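Source file: data-v7.cif; contents: mmCIF, C-alpha atoms.
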data_input
#
loop_
_atom_site.label_atom_id
_atom_site.label_comp_id
_atom_site.auth_asym_id
_atom_site.auth_seq_id
_atom_site.Cartn_x
_atom_site.Cartn_y
_atom_site.Cartn_z
CA MET Q 1 84.55 32.23 83.06
CA SER Q 2 84.63 33.50 86.66
CA GLY Q 3 87.67 35.29 88.00
CA VAL Q 4 87.67 33.09 91.11
CA LYS Q 5 87.84 29.93 88.99
CA LEU Q 6 90.72 31.36 86.96
CA ILE Q 7 92.68 32.31 90.07
CA LYS Q 8 92.13 28.82 91.51
CA ILE Q 9 93.42 27.20 88.32
CA LYS Q 10 96.49 29.46 88.36
CA GLU Q 11 97.20 28.59 92.01
CA GLU Q 12 96.94 24.86 91.30
CA ILE Q 13 99.35 25.15 88.37
CA LEU Q 14 101.85 27.20 90.40
CA ALA Q 15 101.72 24.75 93.33
CA ASP Q 16 102.31 21.76 91.00
CA ASN Q 17 105.19 23.65 89.39
CA ARG Q 18 106.79 24.51 92.72
CA GLY Q 19 106.64 20.89 93.84
CA LEU Q 20 108.42 19.70 90.71
CA ALA Q 21 110.95 22.56 90.92
CA ASP Q 22 111.85 21.58 94.50
CA LYS Q 23 112.42 17.98 93.39
CA THR Q 24 114.65 19.11 90.51
CA ARG Q 25 116.68 21.36 92.80
CA LYS Q 26 117.29 18.53 95.27
CA ARG Q 27 118.11 15.99 92.56
CA LEU Q 28 120.66 18.32 90.97
CA ALA Q 29 122.30 19.16 94.30
CA ASP Q 30 122.53 15.42 95.10
CA SER Q 31 124.37 14.84 91.81
CA GLY Q 32 126.66 17.81 92.52
CA THR Q 33 125.23 19.99 89.74
CA LEU Q 34 124.45 23.70 90.15
CA MET Q 35 121.67 25.19 88.02
CA LEU Q 36 121.29 28.93 87.28
CA ASN Q 37 118.26 30.53 85.61
CA LEU Q 38 119.09 33.61 83.49
CA MET Q 39 116.27 36.05 82.78
CA ALA Q 40 116.25 39.29 80.78
CA SER Q 41 114.36 41.28 78.17
CA PRO Q 42 114.90 40.35 74.52
CA GLY Q 43 118.44 41.36 73.58
CA GLY Q 44 119.49 41.96 77.19
CA GLY Q 45 122.52 39.71 76.87
CA LYS Q 46 121.61 36.27 78.21
CA THR Q 47 123.39 34.32 75.48
CA SER Q 48 126.40 36.66 75.63
CA LEU Q 49 126.73 36.19 79.40
CA ILE Q 50 126.57 32.42 78.95
CA LEU Q 51 129.33 32.61 76.30
CA GLN Q 52 131.49 34.79 78.63
CA THR Q 53 130.94 32.32 81.47
CA ILE Q 54 131.88 29.36 79.26
CA ALA Q 55 135.01 31.22 78.06
CA ARG Q 56 136.19 31.86 81.63
CA LEU Q 57 135.10 28.65 83.40
CA GLY Q 58 134.84 26.11 80.61
CA ASP Q 59 138.33 24.67 81.26
CA ALA Q 60 137.79 24.28 85.02
CA ILE Q 61 134.26 22.84 85.11
CA ARG Q 62 131.84 21.04 82.83
CA ILE Q 63 128.97 23.24 81.67
CA GLY Q 64 125.65 22.41 80.00
CA VAL Q 65 123.11 24.90 78.65
CA ILE Q 66 119.33 24.78 78.30
CA GLU Q 67 118.12 27.33 75.75
CA ALA Q 68 114.47 28.35 75.62
CA ASP Q 69 112.92 30.13 72.70
CA LEU Q 70 109.45 30.54 71.29
CA ASP Q 71 110.24 29.11 67.93
CA SER Q 72 113.92 29.10 66.92
CA THR Q 73 117.33 27.59 67.61
CA VAL Q 74 119.30 30.84 67.10
CA ASP Q 75 120.82 30.78 70.60
CA SER Q 76 121.49 27.06 70.98
CA ASP Q 77 123.29 27.15 67.62
CA LYS Q 78 125.59 29.85 69.05
CA ILE Q 79 126.28 27.79 72.18
CA ALA Q 80 126.95 24.64 70.15
CA THR Q 81 129.74 26.43 68.25
CA VAL Q 82 131.81 26.63 71.46
CA GLY Q 83 131.53 22.89 72.03
CA VAL Q 84 129.23 22.90 75.05
CA PRO Q 85 126.17 20.61 75.19
CA ALA Q 86 123.05 22.69 74.56
CA VAL Q 87 119.46 21.52 74.75
CA GLN Q 88 116.79 23.57 72.99
CA ILE Q 89 113.32 24.05 74.49
CA GLU Q 90 110.92 25.40 71.89
CA THR Q 91 108.03 26.77 73.95
CA GLY Q 92 105.69 27.13 70.95
CA GLY Q 93 104.81 30.72 71.78
CA PHE Q 94 104.70 30.15 75.55
CA CYS Q 95 106.15 33.13 77.42
CA HIS Q 96 108.39 31.49 80.02
CA VAL Q 97 110.04 28.27 81.07
CA ASP Q 98 108.44 26.14 83.78
CA ALA Q 99 109.79 23.30 85.91
CA ALA Q 100 108.28 20.62 83.66
CA MET Q 101 110.04 21.94 80.56
CA VAL Q 102 113.37 22.07 82.41
CA ASP Q 103 112.81 18.60 83.86
CA ARG Q 104 112.36 17.24 80.34
CA ALA Q 105 115.33 19.14 78.95
CA LEU Q 106 117.56 17.79 81.75
CA GLU Q 107 116.91 14.24 80.46
CA SER Q 108 119.06 15.15 77.45
CA LEU Q 109 122.06 16.15 79.60
CA ASP Q 110 124.39 13.67 81.29
CA LEU Q 111 124.24 15.23 84.76
CA GLU Q 112 126.95 12.94 86.15
CA ARG Q 113 129.31 14.75 83.78
CA ILE Q 114 128.03 18.31 84.30
CA ASP Q 115 128.90 20.69 87.14
CA LEU Q 116 126.89 23.70 86.04
CA VAL Q 117 123.65 23.94 84.03
CA ILE Q 118 122.67 27.39 82.81
CA VAL Q 119 119.05 27.89 81.74
CA GLU Q 120 118.44 30.74 79.33
CA ASN Q 121 114.80 31.66 79.90
CA VAL Q 122 112.53 33.25 77.27
CA GLY Q 123 113.38 36.92 76.69
CA ASN Q 124 110.76 38.51 78.91
CA LEU Q 125 111.02 40.67 82.03
CA VAL Q 126 107.54 39.74 83.29
CA CYS Q 127 106.37 36.11 83.12
CA PRO Q 128 109.58 34.17 83.90
CA ALA Q 129 109.66 35.87 87.32
CA GLN Q 130 106.47 34.05 88.29
CA SER Q 131 107.56 30.49 87.54
CA ASP Q 132 110.11 28.44 89.46
CA THR Q 133 112.35 26.51 87.04
CA GLY Q 134 114.06 24.35 89.67
CA ALA Q 135 117.27 26.38 89.44
CA HIS Q 136 119.32 27.02 92.60
CA ALA Q 137 119.61 30.71 91.78
CA ASN Q 138 117.86 33.24 89.56
CA VAL Q 139 119.85 35.89 87.74
CA VAL Q 140 118.26 38.93 86.11
CA ILE Q 141 120.18 40.83 83.46
CA LEU Q 142 119.20 44.41 82.63
CA SER Q 143 121.00 46.11 79.76
CA VAL Q 144 121.91 49.80 79.96
CA PRO Q 145 119.86 50.90 76.90
CA GLU Q 146 116.68 49.64 78.62
CA GLY Q 147 116.91 52.41 81.20
CA ASP Q 148 117.49 52.78 84.95
CA ASP Q 149 113.76 52.91 85.79
CA LYS Q 150 113.07 49.24 85.09
CA PRO Q 151 113.07 48.04 88.74
CA LEU Q 152 110.11 50.39 89.30
CA LYS Q 153 108.27 48.91 86.33
CA TYR Q 154 109.13 45.21 86.63
CA PRO Q 155 109.52 44.81 90.40
CA THR Q 156 108.80 41.06 90.67
CA MET Q 157 111.74 40.21 88.44
CA PHE Q 158 114.13 42.14 90.67
CA THR Q 159 112.56 40.66 93.81
CA VAL Q 160 113.08 37.00 92.82
CA ALA Q 161 116.68 37.50 91.63
CA HIS Q 162 119.66 36.17 93.60
CA ALA Q 163 121.99 38.32 91.49
CA VAL Q 164 121.45 41.35 89.25
CA VAL Q 165 123.65 41.94 86.20
CA VAL Q 166 123.76 45.33 84.47
CA ASN Q 167 125.02 44.50 80.99
CA LYS Q 168 126.24 46.74 78.13
CA ILE Q 169 127.98 49.26 80.40
CA ASP Q 170 129.95 50.20 77.27
CA TYR Q 171 126.69 51.98 76.24
CA THR Q 172 126.73 54.41 79.17
CA GLU Q 173 128.44 57.03 76.98
CA ILE Q 174 125.41 57.22 74.72
CA ALA Q 175 122.58 55.99 76.99
CA ASP Q 176 121.19 58.12 79.78
CA PHE Q 177 121.57 55.49 82.54
CA ASP Q 178 122.11 56.54 86.18
CA ARG Q 179 123.87 53.59 87.85
CA ALA Q 180 123.39 54.96 91.39
CA ALA Q 181 119.67 55.55 90.78
CA PHE Q 182 119.36 51.99 89.44
CA ARG Q 183 120.95 50.53 92.58
CA GLU Q 184 118.72 52.68 94.80
CA ARG Q 185 115.68 51.27 92.99
CA VAL Q 186 116.82 47.65 93.31
CA ALA Q 187 117.75 47.91 97.02
CA PRO Q 188 114.23 48.12 98.54
CA LEU Q 189 113.04 45.22 96.34
CA ASN Q 190 116.04 43.06 97.05
CA PRO Q 191 118.58 44.25 99.61
CA ASP Q 192 120.69 41.06 99.41
CA ALA Q 193 121.29 40.54 95.69
CA PRO Q 194 124.71 41.67 94.46
CA VAL Q 195 124.69 43.97 91.43
CA PHE Q 196 127.35 43.30 88.75
CA GLU Q 197 128.04 46.00 86.16
CA LEU Q 198 129.71 44.56 83.10
CA SER Q 199 129.97 44.41 79.33
CA CYS Q 200 129.79 41.04 77.62
CA THR Q 201 131.17 42.71 74.47
CA THR Q 202 134.35 44.22 75.97
CA GLY Q 203 134.66 41.81 78.92
CA ALA Q 204 134.88 44.71 81.39
CA GLY Q 205 133.53 43.83 84.84
CA VAL Q 206 133.03 40.13 84.10
CA ASP Q 207 135.49 38.90 86.81
CA PRO Q 208 133.24 39.67 89.84
CA TRP Q 209 130.37 37.84 88.10
CA ILE Q 210 132.60 34.80 87.59
CA ALA Q 211 133.65 34.94 91.26
CA TRP Q 212 129.96 34.90 92.23
CA VAL Q 213 129.33 31.81 90.07
CA GLN Q 214 132.36 30.15 91.67
CA GLY Q 215 130.94 30.98 95.11
CA ARG Q 216 127.62 29.34 94.19
CA LEU Q 217 129.50 26.26 92.91
CA HIS Q 218 131.25 26.00 96.31
CA THR Q 219 127.84 25.80 98.03
CA ILE Q 220 127.22 22.46 96.31
CA GLY Q 221 130.74 21.23 96.90
CA LYS Q 222 132.41 22.16 93.60
CA ARG Q 223 135.62 24.05 92.97
CA ALA Q 224 136.15 26.11 89.82
CA MET A 225 94.90 19.57 85.47
CA SER A 226 94.66 18.12 81.96
CA GLY A 227 96.31 19.86 79.06
CA VAL A 228 93.10 19.63 77.00
CA LYS A 229 91.13 21.45 79.73
CA LEU A 230 93.76 24.19 79.91
CA ILE A 231 93.74 24.69 76.14
CA LYS A 232 89.92 24.85 76.17
CA ILE A 233 89.97 27.52 78.91
CA LYS A 234 92.54 29.54 76.98
CA GLU A 235 90.44 29.33 73.80
CA GLU A 236 87.32 30.47 75.66
CA ILE A 237 89.18 33.44 77.13
CA LEU A 238 90.64 34.42 73.74
CA ALA A 239 87.24 34.16 72.02
CA ASP A 240 85.59 36.34 74.70
CA ASN A 241 88.42 38.83 74.36
CA ARG A 242 88.15 38.97 70.58
CA GLY A 243 84.42 39.63 70.78
CA LEU A 244 84.90 42.55 73.14
CA ALA A 245 87.82 43.89 71.07
CA ASP A 246 85.67 43.90 67.93
CA LYS A 247 82.96 45.87 69.77
CA THR A 248 85.53 48.40 71.01
CA ARG A 249 86.99 48.82 67.53
CA LYS A 250 83.56 49.50 66.02
CA ARG A 251 82.47 51.87 68.81
CA LEU A 252 85.67 53.92 68.46
CA ALA A 253 85.36 54.12 64.67
CA ASP A 254 81.74 55.25 65.04
CA SER A 255 82.84 58.09 67.32
CA GLY A 256 85.66 59.01 64.89
CA THR A 257 88.45 57.90 67.17
CA LEU A 258 91.48 55.92 66.01
CA MET A 259 93.22 53.61 68.49
CA LEU A 260 96.80 52.35 68.14
CA ASN A 261 98.39 49.63 70.28
CA LEU A 262 102.15 50.08 70.84
CA MET A 263 104.13 47.01 71.82
CA ALA A 264 107.84 46.60 72.57
CA SER A 265 110.36 45.10 74.95
CA PRO A 266 111.06 46.98 78.19
CA GLY A 267 112.96 50.13 77.30
CA GLY A 268 112.26 49.81 73.56
CA GLY A 269 110.88 53.35 73.33
CA LYS A 270 107.08 53.15 73.59
CA THR A 271 106.73 56.19 75.83
CA SER A 272 109.30 58.12 73.79
CA LEU A 273 107.43 57.43 70.54
CA ILE A 274 104.18 58.59 72.16
CA LEU A 275 105.89 61.81 73.28
CA GLN A 276 107.29 62.37 69.75
CA THR A 277 103.84 61.77 68.27
CA ILE A 278 102.22 64.22 70.70
CA ALA A 279 104.91 66.83 69.94
CA ARG A 280 104.27 66.60 66.18
CA LEU A 281 100.49 66.06 66.07
CA GLY A 282 99.26 67.47 69.38
CA ASP A 283 98.32 70.83 67.86
CA ALA A 284 96.37 69.33 64.96
CA ILE A 285 94.42 66.56 66.72
CA ARG A 286 93.30 65.65 70.21
CA ILE A 287 95.25 62.72 71.68
CA GLY A 288 94.59 60.50 74.69
CA VAL A 289 96.93 57.87 76.11
CA ILE A 290 96.32 54.60 77.95
CA GLU A 291 99.42 53.51 79.84
CA ALA A 292 99.76 49.95 81.10
CA ASP A 293 102.26 48.93 83.69
CA LEU A 294 102.60 46.09 86.16
CA ASP A 295 102.78 48.26 89.19
CA SER A 296 103.83 51.88 88.61
CA THR A 297 102.77 55.21 87.13
CA VAL A 298 106.25 56.14 85.79
CA ASP A 299 105.05 56.47 82.18
CA SER A 300 101.66 58.10 82.71
CA ASP A 301 103.40 60.70 84.88
CA LYS A 302 105.66 61.52 81.89
CA ILE A 303 102.66 61.81 79.54
CA ALA A 304 100.75 64.01 81.99
CA THR A 305 103.61 66.54 82.00
CA VAL A 306 102.87 67.36 78.33
CA GLY A 307 99.23 68.10 79.08
CA VAL A 308 97.65 65.07 77.39
CA PRO A 309 95.00 63.01 79.20
CA ALA A 310 96.59 59.75 80.35
CA VAL A 311 94.83 56.82 81.99
CA GLN A 312 96.90 54.31 83.92
CA ILE A 313 96.14 50.59 83.86
CA GLU A 314 98.01 48.79 86.65
CA THR A 315 97.90 45.16 85.61
CA GLY A 316 98.99 43.83 89.00
CA GLY A 317 101.76 41.70 87.55
CA PHE A 318 99.72 40.62 84.50
CA CYS A 319 101.91 40.42 81.40
CA HIS A 320 99.79 42.17 78.77
CA VAL A 321 96.74 44.33 78.19
CA ASP A 322 93.47 42.70 77.14
CA ALA A 323 90.30 44.14 75.63
CA ALA A 324 88.51 44.31 79.01
CA MET A 325 91.26 46.43 80.56
CA VAL A 326 91.21 48.82 77.60
CA ASP A 327 87.40 48.96 77.66
CA ARG A 328 87.51 50.03 81.29
CA ALA A 329 90.29 52.56 80.72
CA LEU A 330 88.34 54.12 77.82
CA GLU A 331 85.57 55.02 80.29
CA SER A 332 87.95 57.59 81.76
CA LEU A 333 88.51 59.32 78.39
CA ASP A 334 86.00 61.68 76.78
CA LEU A 335 85.99 60.00 73.36
CA GLU A 336 83.84 62.72 71.77
CA ARG A 337 86.82 65.01 72.31
CA ILE A 338 89.60 62.60 71.30
CA ASP A 339 90.76 61.77 67.76
CA LEU A 340 93.57 59.38 68.59
CA VAL A 341 94.02 57.00 71.52
CA ILE A 342 97.44 55.42 71.92
CA VAL A 343 97.70 52.34 74.13
CA GLU A 344 101.12 51.65 75.58
CA ASN A 345 101.08 47.92 76.25
CA VAL A 346 103.17 46.19 78.95
CA GLY A 347 106.85 46.00 77.99
CA ASN A 348 106.94 42.46 76.62
CA LEU A 349 107.69 41.09 73.15
CA VAL A 350 105.75 37.86 73.74
CA CYS A 351 102.34 37.96 75.46
CA PRO A 352 100.84 41.22 74.10
CA ALA A 353 101.01 39.71 70.59
CA GLN A 354 98.44 37.10 71.59
CA SER A 355 95.73 39.40 72.91
CA ASP A 356 93.55 41.76 70.85
CA THR A 357 93.17 45.11 72.65
CA GLY A 358 90.48 46.52 70.36
CA ALA A 359 92.95 48.85 68.64
CA HIS A 360 92.61 49.54 64.90
CA ALA A 361 96.31 48.90 64.37
CA ASN A 362 99.19 47.22 66.19
CA VAL A 363 102.64 48.76 66.16
CA VAL A 364 105.74 46.89 67.28
CA ILE A 365 108.84 48.84 68.21
CA LEU A 366 112.22 47.12 68.21
CA SER A 367 115.22 49.08 69.46
CA VAL A 368 118.61 48.71 67.80
CA PRO A 369 120.46 47.46 70.92
CA GLU A 370 118.11 44.46 71.10
CA GLY A 371 119.60 43.02 67.92
CA ASP A 372 118.53 42.29 64.34
CA ASP A 373 117.69 38.62 65.06
CA LYS A 374 114.53 39.36 67.05
CA PRO A 375 112.00 38.60 64.27
CA LEU A 376 113.39 35.04 64.26
CA LYS A 377 112.93 34.74 68.01
CA TYR A 378 109.61 36.56 68.53
CA PRO A 379 107.81 35.89 65.24
CA THR A 380 104.21 36.32 66.44
CA MET A 381 104.84 39.92 67.47
CA PHE A 382 106.10 40.79 63.99
CA THR A 383 103.24 38.87 62.35
CA VAL A 384 100.43 40.77 64.12
CA ALA A 385 101.98 44.23 63.56
CA HIS A 386 100.52 46.71 61.08
CA ALA A 387 103.69 48.80 61.33
CA VAL A 388 107.22 48.06 62.55
CA VAL A 389 109.35 50.79 64.13
CA VAL A 390 113.11 50.39 64.53
CA ASN A 391 113.96 52.84 67.31
CA LYS A 392 117.34 54.12 68.59
CA ILE A 393 119.00 54.21 65.16
CA ASP A 394 121.44 56.64 66.82
CA TYR A 395 122.89 53.47 68.43
CA THR A 396 123.90 51.89 65.13
CA GLU A 397 127.43 53.29 65.53
CA ILE A 398 127.99 51.19 68.65
CA ALA A 399 125.48 48.33 68.20
CA ASP A 400 126.04 45.56 65.71
CA PHE A 401 122.64 45.86 63.96
CA ASP A 402 122.21 44.92 60.29
CA ARG A 403 119.21 46.90 59.02
CA ALA A 404 118.95 44.97 55.75
CA ALA A 405 119.07 41.63 57.58
CA PHE A 406 116.37 42.84 59.96
CA ARG A 407 114.06 43.76 57.05
CA GLU A 408 114.74 40.42 55.38
CA ARG A 409 113.67 38.67 58.57
CA VAL A 410 110.47 40.70 58.94
CA ALA A 411 109.37 40.32 55.29
CA PRO A 412 108.34 36.63 55.30
CA LEU A 413 106.41 37.12 58.57
CA ASN A 414 104.69 40.27 57.43
CA PRO A 415 105.19 41.42 53.84
CA ASP A 416 102.75 44.36 54.17
CA ALA A 417 103.86 46.21 57.29
CA PRO A 418 105.97 49.31 56.64
CA VAL A 419 109.26 49.52 58.57
CA PHE A 420 110.20 52.94 60.01
CA GLU A 421 113.77 53.52 61.16
CA LEU A 422 113.98 56.42 63.58
CA SER A 423 115.42 57.84 66.79
CA CYS A 424 113.02 59.23 69.37
CA THR A 425 116.03 60.91 71.02
CA THR A 426 117.34 62.85 68.01
CA GLY A 427 114.04 63.00 66.08
CA ALA A 428 115.70 61.54 62.95
CA GLY A 429 113.32 59.54 60.78
CA VAL A 430 110.18 60.45 62.76
CA ASP A 431 108.41 62.20 59.82
CA PRO A 432 107.49 59.03 57.86
CA TRP A 433 106.06 57.54 61.07
CA ILE A 434 103.91 60.63 61.56
CA ALA A 435 102.75 60.41 57.93
CA TRP A 436 101.69 56.81 58.56
CA VAL A 437 99.67 57.85 61.64
CA GLN A 438 98.04 60.60 59.55
CA GLY A 439 97.15 58.02 56.89
CA ARG A 440 95.49 55.82 59.51
CA LEU A 441 93.57 58.83 60.81
CA HIS A 442 92.27 59.45 57.28
CA THR A 443 90.82 55.92 57.21
CA ILE A 444 88.40 56.93 59.96
CA GLY A 445 87.68 60.31 58.41
CA LYS A 446 90.12 62.53 60.32
CA ARG A 447 92.63 65.01 59.00
CA ALA A 448 95.81 65.83 60.89
#
As structure tokens, the full file:
Amino acid sequence: MSGVKLIKIKEEILADNRGLADKTRKRLADSGTLMLNLMASPGGGKTSLILQTIARLGDAIRIGVIEADLDSTVDSDKIATVGVPAVQIETGGFCHVDAAMVDRALESLDLERIDLVIVENVGNLVCPAQSDTGAHANVVILSVPEGDDKPLKYPTMFTVAHAVVVNKIDYTEIADFDRAAFRERVAPLNPDAPVFELSCTTGAGVDPWIAWVQGRLHTIGKRA
Amino acid sequence: MSGVKLIKIKEEILADNRGLADKTRKRLADSGTLMLNLMASPGGGKTSLILQTIARLGDAIRIGVIEADLDSTVDSDKIATVGVPAVQIETGGFCHVDAAMVDRALESLDLERIDLVIVENVGNLVCPAQSDTGAHANVVILSVPEGDDKPLKYPTMFTVAHAVVVNKIDYTEIADFDRAAFRERVAPLNPDAPVFELSCTTGAGVDPWIAWVQGRLHTIGKRA
């Protein structure tokens, strides 16, 4: 197997994926639906941020969730308990969500009745960064116990993000996490992305995140 | 691009990789060198466990480290400060270490003078589980803040492990982590792997881990 052949195959797959992602993005915008793609390490807080967002915005707008997991329905079961439509993608060991998987999952949601779709990607700080899901914005969540050096080690993830969430700030007492150093490491990779420091457990700092989601909803003509 | 073709390519790559990994494993055993492959999420504690292992065994045996990262030398710099030879693999965005990368990195270590090689895989709880590095044993580290449900969500990683380390047990005060539930979730995936609960920060619980490493060293005729 030559390296050149492998690279060519990868480029073909990525180009196909991008084409489908662009179509999805346009189709959703036309139907007045915003889609966000949440990415994080395992246990970073993707499901918790979705639950916080539903708790704060669920009365004002209609939300749908696409949950991706290798082989379980742990997260979609949690979402279903709060009465929001949740579609499960089981990737069968695959390490990230691509545009085709999202396209198929969207068939199970009534988009005419949904203002915001949140995709919870596979817990992985590497591979999801390389695959366009068709979302209008990418959000990366880093949790405090993971450490402030992660932008140095997983730069692509921080480069493709439209917003950066630092979750579990209630751990800063016990974890050695330098918030200023973290921001300094994100800035050269992504000078435009806002950084939200919050705790999905205590609710501290969640308001500015919600305001950002509301701002993104306005860009496709929605009010929340 | 047909799905069948893609699957065939993946199978060919995995078979090639397994062949090389088997050769590496035999070559290392012949030279009396044990190799361990550490896997974890970003920030799970791979580098910290290596530093603890060096601190406890570094006087008795000769250790070498292979550090893998997408695009930085953050971890190998830390290892170098304790005077242990460290080789950096920069994967260029690739999500895990394969046998070819390890084979090349081993060229930079004087194996006649090394008893134990520790490979720090890319921080990722998905992809590294699918690729044999040539190590004699796989170790998965899960940190308490990630949550006790992770065996349900990342089963392959817990299936391929020869030992499971629960790191950051000093976080159990603040994190909602059920140790018994975690063990119950690991058991059906992997009834044989020992589970070590420890804190690389405080040093609590590290001794049984060290005893396990010593046991593995004995299997290739080394005493530590």
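Here the question is which of Q:Arg183, Q:His218, Q:Arg27, Q:Lys153 gets nearest to chain A using all atoms listed in the file, and that residue is Q:Lys153.
From atom CA of A:Val390 back to atom CA of Q:Glu67, the distance works out to 26.1 Å.
The spacing separating atom CA of Q:Leu189 from atom CA of Q:Met39 amounts to 16.7 Å.
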Run the PyMOL selection byres ((chain A and resi 423) around 10) against the file shown and list the residues it catches, as a list in words.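 On the file shown, the PyMOL selection byres ((chain A and resi 423) around 10) covers Gly269, Ser272, Leu273, Gln276, Ser367, Val368, Val389, Val390, Asn391, Lys392, Ile393, Asp394, Tyr395, Phe420, Glu421, Leu422, Cys424, Thr425, Thr426, Gly427, Ala428, Gly429 and Val430 of chain A.
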Given the selection you just returned, output its residues as a file containing C-alpha atoms, formatted as a CSV table (one decimal), keeping the file's coordinate frame.
chain,number,residue,atom,x,y,z
A,269,GLY,CA,110.9,53.4,73.3
A,272,SER,CA,109.3,58.1,73.8
A,273,LEU,CA,107.4,57.4,70.5
A,276,GLN,CA,107.3,62.4,69.8
A,367,SER,CA,115.2,49.1,69.5
A,368,VAL,CA,118.6,48.7,67.8
A,389,VAL,CA,109.4,50.8,64.1
A,390,VAL,CA,113.1,50.4,64.5
A,391,ASN,CA,114.0,52.8,67.3
A,392,LYS,CA,117.3,54.1,68.6
A,393,ILE,CA,119.0,54.2,65.2
A,394,ASP,CA,121.4,56.6,66.8
A,395,TYR,CA,122.9,53.5,68.4
A,420,PHE,CA,110.2,52.9,60.0
A,421,GLU,CA,113.8,53.5,61.2
A,422,LEU,CA,114.0,56.4,63.6
A,424,CYS,CA,113.0,59.2,69.4
A,425,THR,CA,116.0,60.9,71.0
A,426,THR,CA,117.3,62.8,68.0
A,427,GLY,CA,114.0,63.0,66.1
A,428,ALA,CA,115.7,61.5,63.0
A,429,GLY,CA,113.3,59.5,60.8
A,430,VAL,CA,110.2,60.4,62.8
May I ask for the distance between atom CA of A:Leu275 and atom CA of A:Ile313, given in Å to one decimal place?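 We find that atom CA of A:Leu275 and atom CA of A:Ile313 lie 18.2 Å from each other.
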Shortest contact to chain Q, candidates A:Asp416, A:Asp373, A:Asp246, A:Asp334, atoms counted only C-alpha atoms, goes to A:Asp373
Ground truth for the PyMOL selection byres ((chain A and resi 249) around 9), written as a list in words: Leu244, Ala245, Asp246, Lys247, Thr248, Lys250, Arg251, Leu252, Ala253, Asp254, Leu258, Met259, Thr357, Gly358, Ala359 and His360 of chain A
For stretch 342-345 of chain A, find every residue with an atom within 7 Å (counting all atoms listed in the file), except residues of its own chain fewer than 5 positions away, and show them as a PyMOL selection string. chain A and resi 259-263+270+288-292+320-321
Once the PyMOL selection byres ((chain Q and resi 160) around 8) has been evaluated on this model, what residues remain selected, and can you format them as an MDAnalysis selection string? chainID Q and resid 129 138 156:159 161:162 190
Select, as a PyMOL selection string, those residues of chain A with any atom no more than 8 Å from chain Q (distances computed using only C-alpha atoms). chain A and resi 225+237+265-268+293-296+298+317-319+347-351+369-371+374+376-380+395+398
Requested write-out: C-alpha atoms of the selected residues, as an mmCIF file, in the frame of the given file:
data_model
loop_
_atom_site.group_PDB
_atom_site.id
_atom_site.type_symbol
_atom_site.label_atom_id
_atom_site.label_comp_id
_atom_site.auth_asym_id
_atom_site.auth_seq_id
_atom_site.Cartn_x
_atom_site.Cartn_y
_atom_site.Cartn_z
ATOM 1 C CA MET A 225 94.900 19.570 85.470
ATOM 2 C CA ILE A 237 89.180 33.440 77.130
ATOM 3 C CA SER A 265 110.360 45.100 74.950
ATOM 4 C CA PRO A 266 111.060 46.980 78.190
ATOM 5 C CA GLY A 267 112.960 50.130 77.300
ATOM 6 C CA GLY A 268 112.260 49.810 73.560
ATOM 7 C CA ASP A 293 102.260 48.930 83.690
ATOM 8 C CA LEU A 294 102.600 46.090 86.160
ATOM 9 C CA ASP A 295 102.780 48.260 89.190
ATOM 10 C CA SER A 296 103.830 51.880 88.610
ATOM 11 C CA VAL A 298 106.250 56.140 85.790
ATOM 12 C CA GLY A 317 101.760 41.700 87.550
ATOM 13 C CA PHE A 318 99.720 40.620 84.500
ATOM 14 C CA CYS A 319 101.910 40.420 81.400
ATOM 15 C CA GLY A 347 106.850 46.000 77.990
ATOM 16 C CA ASN A 348 106.940 42.460 76.620
ATOM 17 C CA LEU A 349 107.690 41.090 73.150
ATOM 18 C CA VAL A 350 105.750 37.860 73.740
ATOM 19 C CA CYS A 351 102.340 37.960 75.460
ATOM 20 C CA PRO A 369 120.460 47.460 70.920
ATOM 21 C CA GLU A 370 118.110 44.460 71.100
ATOM 22 C CA GLY A 371 119.600 43.020 67.920
ATOM 23 C CA LYS A 374 114.530 39.360 67.050
ATOM 24 C CA LEU A 376 113.390 35.040 64.260
ATOM 25 C CA LYS A 377 112.930 34.740 68.010
ATOM 26 C CA TYR A 378 109.610 36.560 68.530
ATOM 27 C CA PRO A 379 107.810 35.890 65.240
ATOM 28 C CA THR A 380 104.210 36.320 66.440
ATOM 29 C CA TYR A 395 122.890 53.470 68.430
ATOM 30 C CA ILE A 398 127.990 51.190 68.650
#
Near A:Leu335, counting all atoms listed in the file, which residues have an atom at most 10 Å away, once you skip same-chain residues fewer than 3 positions from it, shown as a ChimeraX atom specification? /A:251-252,255-257,286-288,330-332,338-341
Please, what is the axis-aligned box for every listed atom of stretch 127-143 of chain Q with 3 Å on each side, as centre and edge lengths in Å to one decimal, as JSON?
{"center_x": 113.7, "center_y": 35.2, "center_z": 86.2, "size_x": 20.6, "size_y": 27.8, "size_z": 18.8}
